[in-house]
Every structure is written in structure tokens, then in C-alpha cells.
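Below you'll find the structure, written out as C-alpha cells, and then a few comments.
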Amino acid sequence: MSRDETEANRLRALRREIQPELVKLERRLFLRSGLSLGALSLLSGCDLSTGTNGTLIDRTLWAMSRANDRVQAWLFDPNKLAPTYPASMIDTPFRFNAYYPPDNIPEIDEATWKLDVSGLVADKTPWTLQKLRALPQESQITRHICIEGWSQIGQWSGVPLKAFLERVGADLTAKYVGFKCADRYYGSLDMPSALHPQTVLALDFGGSALPLEYGYPLRVRVPTKLGFKNPKHIVSVFVTNDYPGGYWEDQGYNWFSGI
């Protein structure tokens, strides 16, 4: 029996054991298939990040989330592009979004900023903004879709992440690409999503350098994923085979979160 079959059988057994509790929970929350694990955990009062309650429901929700990640990864088409839009559809002003208010946006000095590179890469030399801007740039007008239910269209320009990873000699067979940020946010992508042709290290927004509120001086733009998978104020990129998690994912949101 394969590992996937074993885990599927374990998940079915857990679900049978707690079926009465899940039915009550579904009725109370009007649970739908599109409801995120993070939203479910907030509504149900489950502490999924720590497993404090240690309940079967917590464990089953985590198992369901991980199974959902695997299914989304299996269905992901690395050649399918997210929709693009004409300049006339760009939303102005573009909405600020973060886990903190605008007053807490980190102050970054371009003169001292650098992008650290680590993990499964051949060249770990830090990058300056000047070096990044010297690489070939691409532009896209795509829709940013927030898990909170809103979306907006913006124009982003920058270095394709695939080209950057190739330039630093990253192991493209590794599982994950992770990011650390100046605002203490962190996130990660599966390697196929990182190599997608529309995934960029964005340096510009609307034809000008990224404003502070949109992630200056560097952010990840991934139009094939929900907004929280697009970290801002990037200061570090690393390649790894160890699951790196993410700020919201470690609190219960689905990790893959494709759209």
C-alpha cells in the first residue's frame, strides 16, 4: 500500500470516528467546500497552530488541509496563465493590505538593503537593487485576490523568479522556495509555482518603483495564488526541501492556496 493510500485510509477512519461532531459543526457554521481552514478554525474556536485542545477535530482538519494542498498541487498546471487585463481596468488607488496598519510599514534604506540568498543554491552572494534591475524585467497586469473576499487589478514589473533562481544556481528539483521579510512576515511557494512564468520578484508598481505600502523595495507577485502568498518587503530568498510554512499558513490557512 502506498503512502498516499495509507494516509487516505487514516483520514477516512478519523472522519468516521468524529462524524457526529463534524455534522454538528457543519450545521452550525454552514460549512462549504470553499471555506478555508483558517476561517473554520476562527469560527470553531480551534487552535490549529498549537493543537492546544488536542482534539480529533483539530487533527482531522489539519489532515484535510494537507490533503487539499496535495490535490491542488497535483491539479496545478505550470503552463496555464492567470488572466491579464488592459491598462484601463487597473484599480486606482490600489488597496493597502497587511496584517498591521499603514503606520507600521517598515522603513527601508535602499542604500543598505540587500537580498540574501541561501539554501540549495550555488551562489549565495547577496543582491542589491541595482543588480536586480540589471536583469531582464517583465510586466503584467493581473488581479490580486484576497482571502478576505476582495480583489483588485494592478500592474507589476520585475524579474521572473525562475530567471533569478536559474541565475543563482538554485536546485530546481527542490520542493520549496521560501521568503523572509523586513516586516517579520514570511512565506513560501512550491517549486512549480515559483517557476511559473508569471511569478516575479516585483520591483515596480504602475510603472514606478514599488511604494512602501505595496512592498518596497521588493515583493513576490504570484497571480496564480491568493494574496497572502505574495509577501512584501523581501529581504531573503531560500531554497529547501524542508517544509518552511508561512505566517498565515502556520495559523491554519491552506498552504498551497491556488486560485
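Quick note on naming: the chains in the C-alpha cells go A, B, ... in the order shown, residues restart at 1 in each chain, and ligands are numbered from 1 in order of appearance.
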For this session: Run DSSP on the backbone and grab whatever in region 116-177 of chain A lands in alpha helix (DSSP H); send it over as a list in words.
Result: Leu129, Gln130, Lys131, Leu132, Arg133, Leu161, Lys162, Ala163, Phe164, Leu165, Glu166 and Arg167 of chain A
Could you dump the residues just selected with C-alpha atoms as an mmCIF file, in the first residue's frame?
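Resulting contents of result_22.cif:
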```
data_model
loop_
_atom_site.group_PDB
_atom_site.id
_atom_site.type_symbol
_atom_site.label_atom_id
_atom_site.label_comp_id
_atom_site.auth_asym_id
_atom_site.auth_seq_id
_atom_site.Cartn_x
_atom_site.Cartn_y
_atom_site.Cartn_z
ATOM 1 C CA LEU A 129 18.573 46.612 -6.112
ATOM 2 C CA GLN A 130 20.927 47.759 -8.843
ATOM 3 C CA LYS A 131 21.900 44.154 -9.654
ATOM 4 C CA LEU A 132 18.256 43.058 -9.692
ATOM 5 C CA ARG A 133 17.273 45.909 -12.012
ATOM 6 C CA LEU A 161 11.558 34.315 -10.212
ATOM 7 C CA LYS A 162 12.523 31.397 -12.456
ATOM 8 C CA ALA A 163 15.216 33.503 -14.145
ATOM 9 C CA PHE A 164 16.524 34.626 -10.762
ATOM 10 C CA LEU A 165 16.650 31.080 -9.399
ATOM 11 C CA GLU A 166 18.482 29.906 -12.501
ATOM 12 C CA ARG A 167 20.921 32.808 -12.181
#
```
Give me, as a Markdown table, the closest atom pair and its distance (Å, one decimal) for every residue of region 67-106 of chain A within a cut-off of 10 Å of region 174-185 of chain A, counting only C-alpha atoms, rows sorted by chain and rising number.
```
| residue | atom | partner | partner_atom | distance |
| --- | --- | --- | --- | --- |
| A:Ala98 | CA | A:Tyr185 | CA | 9.4 |
| A:Tyr99 | CA | A:Tyr185 | CA | 8.8 |
| A:Tyr100 | CA | A:Asp183 | CA | 9.3 |
| A:Asn104 | CA | A:Asp183 | CA | 8.5 |
| A:Ile105 | CA | A:Asp183 | CA | 7.1 |
| A:Pro106 | CA | A:Asp183 | CA | 5.8 |
```
Exercise. With only C-alpha atoms as the atoms that count, which of A:Lys232, A:His144, A:His196, A:Arg221 lies nearest to Phe76 (chain A)?
Worked result: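 The shortest atom-to-atom distance to Phe76 (chain A) comes from A:His196.
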Exercise. Neighbours of Ile145 (chain A) within 8 Å (only C-alpha atoms; same-chain residues fewer than 4 positions away dropped), as a ChimeraX atom specification?
Worked result: /A:149-152,225-227
Problem set entry | Nearest to Ser88 (chain A), chosen from A:Val239, A:Ile141, A:Ile259, A:Leu210, with only C-alpha atoms counted in the distances |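 Closest candidate: A:Ile141.
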Problem set entry | Two-atom distance - CA of Ile90 (chain A), CA of Gln140 (chain A) (Å) |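 If I compute the distance from CA of Ile90 (chain A) to CA of Gln140 (chain A), I get 11.1 Å.
The space between CA of Phe238 (chain A) and CA of Leu218 (chain A) spans 15.0 Å.
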Problem set entry | Counting only C-alpha atoms, the option among A:Ile153, A:Val121, A:Ile234, A:Leu115 closest to Asp171 (chain A) | A:Val121
